[in-house]
Structures are given as structure tokens and as C-alpha cells.
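A.B. asks: Here's a structure for you.
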Protein chains: 2
Amino acid sequence: MIDDVIARWHRYMSGELPDGLDELLADDVVFYSPVVHTPQRGKEITTRYLEAAGQSLGGDAGAGTFRYTKELLAGDTAVLEFETSVGGKYVNGVDIIRCDDTGRIVEFRVMMRPLQAIHAVHEEMGRRLAAAAGEVSRSASG
Amino acid sequence: MIDDVIARWHRYMSGELPDGLDELLADDVVFYSPVVHTPQRGKEITTRYLEAAGQSLGGDAGAGTFRYTKELLAGDTAVLEFETSVGGKYVNGVDIIRCDDTGRIVEFRVMMRPLQAIHAVHEEMGRRLAAAAGEVSRSASG
């Protein structure tokens, strides 16, 4: 089952999964941030984090772009190691993904190294999440 | 082959592998620190880091002690996810271990979350590495 989930995850990452994260994530999915201790529960907040992460981790123009460097699948769990570059800093990380028996993602955990990479991604994601929140509040009030 | 390496790694962690890291690590092993960008090359420095990490990550008395929570093995690679507590902070991390075809570890990569955990471990390991360096220089001059 995890093989199928990861095949769909790669299609999502290439922009080729029509319903995207809505199809991939379980309603009660839990997101474990590389920065924040408290688990983020539910499809809505996990979608927001993964979308901001996807944009932040895309890679700097001219420098290395996002690529997966290792992939391990076993049972209900996958570990995908990646490399990219954000704000001029080399970023090395893992996505740890666990699915239920209907093929939906119930756990999404991200860790990164080295320390300066986490700071760079944290800063970049903060900007994007704030911008997204700004758009929401502008469209709600406008 | 990786199954055998991880079985011996667990024996090392329990203090039951007579020759310890000397038996487990290849001479040209590369250690990728959760904090530092530059890969650390060679058996001597990798041994020093892994020994300090082992002591630092043991867990706080009375709080959670070190335990592995997920284990994925495939081909020449293993990912072991762990939880522990250092300086009162919850620590969640992964060891990514790759071996050669003689069963020696050639790559050891560590990542951790959340951010405050990395700071706590960094501080604790700095103390231990400095203390170890102090002992070496005292015994060399004494």
C-alpha cells in the first residue's frame, strides 16, 4: 500500500495528481514539523504546511533544485531523503510518511540538516505562511 | 547485509559488541552531522562523534530514555527513527546508515527535530567533546 501512496506522492510533486493533497491525506493526518514541537493535526493545517514547504524547498534558481536522494519503503512507512537549496543554503532532509490501509497518509514527519538549513527554510516558510494568511484575511475582508 | 549491520548496531548500543565501533565502521566512513554542513570523514572523527552522541542522547533521568521508534531496511541502507530527551527537551531523530558489501558502515547521517531539540543536543555534545579534548590534552601534557 505504501508503494502506491509514494507513487501518487511523486505524481503530486510533479503537479500530475488532479486532486493533489486532498486525495493523498487522511482527514486525521498529523504533521510533525522540523521546527515546532507540537504535532499539527488535521488535513487543513497539514495541507497548508506541505504547500508552503513545497514552494519553499523548490530550490534556488541556478543552484541545486529539489531532488530525492534515497527512498526506503517497508510496511506502512516510507522514508524519502532529499537535497535542495534555500536562500543560498544547502538543505538535506527526510520526509517520513506513514499511510493507513486505505492508502491515505496519516503521518507526515519532516527533519532537516544542517542547522543553518533549518533556519533558512524556517524563515522562508514563515514568509510564505504569513503571505498566505494575509491573502486569506484580505479576501475575507475585501 | 544491512540487516546484519543493524543487528550489530543494536548490540553496540546495548554495550554487547566487544570491538564496538571499531568493528562497525569502515576506515573511510563519512559522518553527516545534524548541525554542521561539512561532512566529517574517517573512522576516528566519526567514532568521536558517535560516542559523544551516544552519551548525550541517552536520555534524562526520570524522563524518556533513548528508544528506536521505526526501523526501515532496504538494499544497503537503514533508517532508524528515535525519540529521547536531552536537557528536558523532547528529541525526535533519525539515523541513516549505509554499508558497503563487507558489512562496514560507510555513511552515517543524523537529523533531528524540533529546533529546540537540536539546540539542546548541540550544547550537550559540545560540552562532552570539549571535555574529551581536555582529557586528551591533559594526558598528552601530563
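Chain identifiers are assigned as A, B, and so on, following the order in which chains appear in the C-alpha cells; residues are numbered from 1 within each chain, and ligands are numbered from 1 in order of appearance.
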Mind fitting chain A to chain B by least squares on all Cα atoms in order and giving back the moved coordinates as a PDB file with C-alpha atoms, in the first residue's frame?
C.D. replies:
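And here's selection.pdb as it stands now:
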ATOM      1  CA  MET A   1      23.943  -7.218   4.505  1.00  0.00           C
ATOM      2  CA  ILE A   2      22.317  -4.129   6.095  1.00  0.00           C
ATOM      3  CA  ASP A   3      20.214  -6.455   8.323  1.00  0.00           C
ATOM      4  CA  ASP A   4      23.401  -7.888   9.809  1.00  0.00           C
ATOM      5  CA  VAL A   5      24.929  -4.410  10.254  1.00  0.00           C
ATOM      6  CA  ILE A   6      21.847  -3.131  12.101  1.00  0.00           C
ATOM      7  CA  ALA A   7      21.743  -6.252  14.306  1.00  0.00           C
ATOM      8  CA  ARG A   8      25.375  -5.485  15.270  1.00  0.00           C
ATOM      9  CA  TRP A   9      24.518  -1.773  15.693  1.00  0.00           C
ATOM     10  CA  HIS A  10      21.833  -2.690  18.250  1.00  0.00           C
ATOM     11  CA  ARG A  11      24.352  -4.944  20.051  1.00  0.00           C
ATOM     12  CA  TYR A  12      26.781  -1.977  20.105  1.00  0.00           C
ATOM     13  CA  MET A  13      24.056   0.279  21.532  1.00  0.00           C
ATOM     14  CA  SER A  14      23.457  -2.283  24.313  1.00  0.00           C
ATOM     15  CA  GLY A  15      27.180  -2.438  25.064  1.00  0.00           C
ATOM     16  CA  GLU A  16      27.333  -6.035  23.832  1.00  0.00           C
ATOM     17  CA  LEU A  17      29.640  -5.695  20.806  1.00  0.00           C
ATOM     18  CA  PRO A  18      33.189  -6.395  22.024  1.00  0.00           C
ATOM     19  CA  ASP A  19      35.048  -4.323  19.384  1.00  0.00           C
ATOM     20  CA  GLY A  20      32.251  -1.765  19.143  1.00  0.00           C
ATOM     21  CA  LEU A  21      32.541   0.980  16.551  1.00  0.00           C
ATOM     22  CA  ASP A  22      35.997  -0.236  15.494  1.00  0.00           C
ATOM     23  CA  GLU A  23      34.319  -3.328  14.050  1.00  0.00           C
ATOM     24  CA  LEU A  24      31.276  -1.494  12.661  1.00  0.00           C
ATOM     25  CA  LEU A  25      32.808   1.476  10.829  1.00  0.00           C
ATOM     26  CA  ALA A  26      34.707   1.427   7.530  1.00  0.00           C
ATOM     27  CA  ASP A  27      38.009   3.334   7.505  1.00  0.00           C
ATOM     28  CA  ASP A  28      36.579   5.862   5.041  1.00  0.00           C
ATOM     29  CA  VAL A  29      33.186   6.274   6.755  1.00  0.00           C
ATOM     30  CA  VAL A  30      31.598   9.716   6.396  1.00  0.00           C
ATOM     31  CA  PHE A  31      29.561  11.267   9.238  1.00  0.00           C
ATOM     32  CA  TYR A  32      26.912  13.886   8.379  1.00  0.00           C
ATOM     33  CA  SER A  33      26.122  15.914  11.487  1.00  0.00           C
ATOM     34  CA  PRO A  34      22.647  17.289  12.232  1.00  0.00           C
ATOM     35  CA  VAL A  35      24.275  20.671  12.951  1.00  0.00           C
ATOM     36  CA  VAL A  36      27.361  21.086  10.779  1.00  0.00           C
ATOM     37  CA  HIS A  37      27.283  21.290   6.980  1.00  0.00           C
ATOM     38  CA  THR A  38      30.742  19.858   6.245  1.00  0.00           C
ATOM     39  CA  PRO A  39      30.855  16.038   6.108  1.00  0.00           C
ATOM     40  CA  GLN A  40      33.225  14.555   8.714  1.00  0.00           C
ATOM     41  CA  ARG A  41      35.470  11.988   7.022  1.00  0.00           C
ATOM     42  CA  GLY A  42      37.177   8.961   8.568  1.00  0.00           C
ATOM     43  CA  LYS A  43      36.809   6.416  11.324  1.00  0.00           C
ATOM     44  CA  GLU A  44      38.469   8.433  14.085  1.00  0.00           C
ATOM     45  CA  ILE A  45      36.311  11.560  13.944  1.00  0.00           C
ATOM     46  CA  THR A  46      33.134   9.525  13.272  1.00  0.00           C
ATOM     47  CA  THR A  47      33.880   7.390  16.345  1.00  0.00           C
ATOM     48  CA  ARG A  48      34.338  10.542  18.433  1.00  0.00           C
ATOM     49  CA  TYR A  49      31.016  12.002  17.242  1.00  0.00           C
ATOM     50  CA  LEU A  50      29.045   8.768  17.681  1.00  0.00           C
ATOM     51  CA  GLU A  51      30.436   8.208  21.175  1.00  0.00           C
ATOM     52  CA  ALA A  52      29.584  11.769  22.236  1.00  0.00           C
ATOM     53  CA  ALA A  53      26.142  11.422  20.623  1.00  0.00           C
ATOM     54  CA  GLY A  54      25.542   8.114  22.393  1.00  0.00           C
ATOM     55  CA  GLN A  55      26.308   9.738  25.752  1.00  0.00           C
ATOM     56  CA  SER A  56      24.342  12.930  25.002  1.00  0.00           C
ATOM     57  CA  LEU A  57      21.239  11.151  23.690  1.00  0.00           C
ATOM     58  CA  GLY A  58      20.979   8.553  26.473  1.00  0.00           C
ATOM     59  CA  GLY A  59      18.022  10.413  27.951  1.00  0.00           C
ATOM     60  CA  ASP A  60      17.375  12.467  31.071  1.00  0.00           C
ATOM     61  CA  ALA A  61      17.033  10.603  34.337  1.00  0.00           C
ATOM     62  CA  GLY A  62      13.345  10.243  35.156  1.00  0.00           C
ATOM     63  CA  ALA A  63      12.287  11.417  31.685  1.00  0.00           C
ATOM     64  CA  GLY A  64      12.099   9.360  28.501  1.00  0.00           C
ATOM     65  CA  THR A  65      15.216   7.368  27.713  1.00  0.00           C
ATOM     66  CA  PHE A  66      16.541   6.691  24.225  1.00  0.00           C
ATOM     67  CA  ARG A  67      14.435   4.302  22.127  1.00  0.00           C
ATOM     68  CA  TYR A  68      14.094   3.491  18.433  1.00  0.00           C
ATOM     69  CA  THR A  69      10.529   4.023  17.172  1.00  0.00           C
ATOM     70  CA  LYS A  70      10.767   3.001  13.502  1.00  0.00           C
ATOM     71  CA  GLU A  71      13.190   0.826  11.543  1.00  0.00           C
ATOM     72  CA  LEU A  72      13.327   0.571   7.748  1.00  0.00           C
ATOM     73  CA  LEU A  73      15.940  -1.553   5.965  1.00  0.00           C
ATOM     74  CA  ALA A  74      16.370  -1.857   2.203  1.00  0.00           C
ATOM     75  CA  GLY A  75      19.343  -2.694   0.006  1.00  0.00           C
ATOM     76  CA  ASP A  76      22.461  -1.205   1.611  1.00  0.00           C
ATOM     77  CA  THR A  77      20.590   1.371   3.712  1.00  0.00           C
ATOM     78  CA  ALA A  78      18.742   1.581   7.031  1.00  0.00           C
ATOM     79  CA  VAL A  79      16.732   4.385   8.606  1.00  0.00           C
ATOM     80  CA  LEU A  80      16.213   4.184  12.356  1.00  0.00           C
ATOM     81  CA  GLU A  81      13.904   6.785  13.893  1.00  0.00           C
ATOM     82  CA  PHE A  82      14.397   7.512  17.591  1.00  0.00           C
ATOM     83  CA  GLU A  83      12.995   9.500  20.495  1.00  0.00           C
ATOM     84  CA  THR A  84      14.759  10.629  23.634  1.00  0.00           C
ATOM     85  CA  SER A  85      15.017  13.618  25.940  1.00  0.00           C
ATOM     86  CA  VAL A  86      18.044  15.895  26.441  1.00  0.00           C
ATOM     87  CA  GLY A  87      18.235  18.797  28.875  1.00  0.00           C
ATOM     88  CA  GLY A  88      14.504  18.461  29.484  1.00  0.00           C
ATOM     89  CA  LYS A  89      13.687  18.738  25.752  1.00  0.00           C
ATOM     90  CA  TYR A  90      11.906  16.097  23.683  1.00  0.00           C
ATOM     91  CA  VAL A  91      14.179  14.899  20.847  1.00  0.00           C
ATOM     92  CA  ASN A  92      12.987  13.064  17.733  1.00  0.00           C
ATOM     93  CA  GLY A  93      15.580  11.991  15.166  1.00  0.00           C
ATOM     94  CA  VAL A  94      16.786   9.570  12.524  1.00  0.00           C
ATOM     95  CA  ASP A  95      19.994   7.658  11.982  1.00  0.00           C
ATOM     96  CA  ILE A  96      20.501   6.984   8.274  1.00  0.00           C
ATOM     97  CA  ILE A  97      23.089   4.224   7.902  1.00  0.00           C
ATOM     98  CA  ARG A  98      24.599   2.875   4.668  1.00  0.00           C
ATOM     99  CA  CYS A  99      27.033  -0.059   4.503  1.00  0.00           C
ATOM    100  CA  ASP A 100      29.454  -1.502   1.946  1.00  0.00           C
ATOM    101  CA  ASP A 101      29.381  -5.121   0.764  1.00  0.00           C
ATOM    102  CA  THR A 102      31.721  -6.240   3.541  1.00  0.00           C
ATOM    103  CA  GLY A 103      29.215  -5.113   6.195  1.00  0.00           C
ATOM    104  CA  ARG A 104      31.017  -1.963   7.350  1.00  0.00           C
ATOM    105  CA  ILE A 105      29.244   1.353   7.766  1.00  0.00           C
ATOM    106  CA  VAL A 106      30.365   3.857   5.097  1.00  0.00           C
ATOM    107  CA  GLU A 107      27.796   6.620   5.741  1.00  0.00           C
ATOM    108  CA  PHE A 108      26.186   7.745   8.997  1.00  0.00           C
ATOM    109  CA  ARG A 109      23.748  10.655   8.788  1.00  0.00           C
ATOM    110  CA  VAL A 110      21.774  12.140  11.678  1.00  0.00           C
ATOM    111  CA  MET A 111      18.827  14.555  11.560  1.00  0.00           C
ATOM    112  CA  MET A 112      16.688  15.755  14.442  1.00  0.00           C
ATOM    113  CA  ARG A 113      13.568  17.748  15.235  1.00  0.00           C
ATOM    114  CA  PRO A 114      12.200  20.026  16.612  1.00  0.00           C
ATOM    115  CA  LEU A 115      14.544  23.030  16.515  1.00  0.00           C
ATOM    116  CA  GLN A 116      14.858  23.309  20.315  1.00  0.00           C
ATOM    117  CA  ALA A 117      15.977  19.651  20.430  1.00  0.00           C
ATOM    118  CA  ILE A 118      18.854  20.375  18.053  1.00  0.00           C
ATOM    119  CA  HIS A 119      19.974  23.288  20.216  1.00  0.00           C
ATOM    120  CA  ALA A 120      19.800  21.137  23.372  1.00  0.00           C
ATOM    121  CA  VAL A 121      21.781  18.267  21.817  1.00  0.00           C
ATOM    122  CA  HIS A 122      24.282  20.648  20.203  1.00  0.00           C
ATOM    123  CA  GLU A 123      24.999  22.254  23.578  1.00  0.00           C
ATOM    124  CA  GLU A 124      25.288  18.924  25.388  1.00  0.00           C
ATOM    125  CA  MET A 125      27.567  17.406  22.712  1.00  0.00           C
ATOM    126  CA  GLY A 126      29.763  20.509  22.667  1.00  0.00           C
ATOM    127  CA  ARG A 127      30.329  20.086  26.396  1.00  0.00           C
ATOM    128  CA  ARG A 128      31.220  16.406  25.993  1.00  0.00           C
ATOM    129  CA  LEU A 129      33.511  16.887  22.990  1.00  0.00           C
ATOM    130  CA  ALA A 130      35.299  19.748  24.786  1.00  0.00           C
ATOM    131  CA  ALA A 131      35.659  17.606  27.927  1.00  0.00           C
ATOM    132  CA  ALA A 132      37.041  14.716  25.844  1.00  0.00           C
ATOM    133  CA  ALA A 133      39.497  17.074  24.090  1.00  0.00           C
ATOM    134  CA  GLY A 134      40.530  18.405  27.501  1.00  0.00           C
ATOM    135  CA  GLU A 135      41.260  14.892  28.739  1.00  0.00           C
ATOM    136  CA  VAL A 136      43.332  14.163  25.636  1.00  0.00           C
ATOM    137  CA  SER A 137      45.380  17.351  26.015  1.00  0.00           C
ATOM    138  CA  ARG A 138      45.781  16.803  29.786  1.00  0.00           C
ATOM    139  CA  SER A 139      46.961  13.226  29.266  1.00  0.00           C
ATOM    140  CA  ALA A 140      49.292  14.329  26.428  1.00  0.00           C
ATOM    141  CA  SER A 141      50.859  17.051  28.574  1.00  0.00           C
ATOM    142  CA  GLY A 142      50.705  15.146  31.905  1.00  0.00           C
TER     143      GLY A 142
END
A.B. asks: Any chance you could list, as a PyMOL selection string, the residues in region 1-121 of chain A that come up strand (DSSP E or B) when DSSP is run on the backbone?
C.D. replies: chain A and resi 25-32+40-41+59+65+67-74+77-86+89-99+105-113
A.B. asks: From the DSSP assignment of the backbone, select every residue of region 53-97 of chain A that is helix (DSSP H, G or I), and format the answer as a list in words.
C.D. replies: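 Reading the DSSP output for region 53-97 of chain A, helix (DSSP H, G or I) covers Ala53, Gly54, Gln55 and Ser56 of chain A.
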A.B. asks: Would you save the residues from that selection as a PDB file, in the first residue's frame, using N, CA and C atoms?
C.D. replies:
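The resulting file, part20.pdb, is reproduced below:
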ATOM      1  N   ALA A  53       5.819  24.296   2.261  1.00  0.00           N
ATOM      2  CA  ALA A  53       7.104  23.597   2.193  1.00  0.00           C
ATOM      3  C   ALA A  53       7.476  23.319   0.744  1.00  0.00           C
ATOM      4  N   GLY A  54       6.505  22.873  -0.043  1.00  0.00           N
ATOM      5  CA  GLY A  54       6.754  22.581  -1.451  1.00  0.00           C
ATOM      6  C   GLY A  54       7.285  23.804  -2.178  1.00  0.00           C
ATOM      7  N   GLN A  55       6.687  24.978  -1.893  1.00  0.00           N
ATOM      8  CA  GLN A  55       7.148  26.211  -2.532  1.00  0.00           C
ATOM      9  C   GLN A  55       8.526  26.621  -1.997  1.00  0.00           C
ATOM     10  N   SER A  56       8.721  26.505  -0.678  1.00  0.00           N
ATOM     11  CA  SER A  56       9.979  26.957  -0.074  1.00  0.00           C
ATOM     12  C   SER A  56      11.158  26.098  -0.487  1.00  0.00           C
TER      13      SER A  56
END
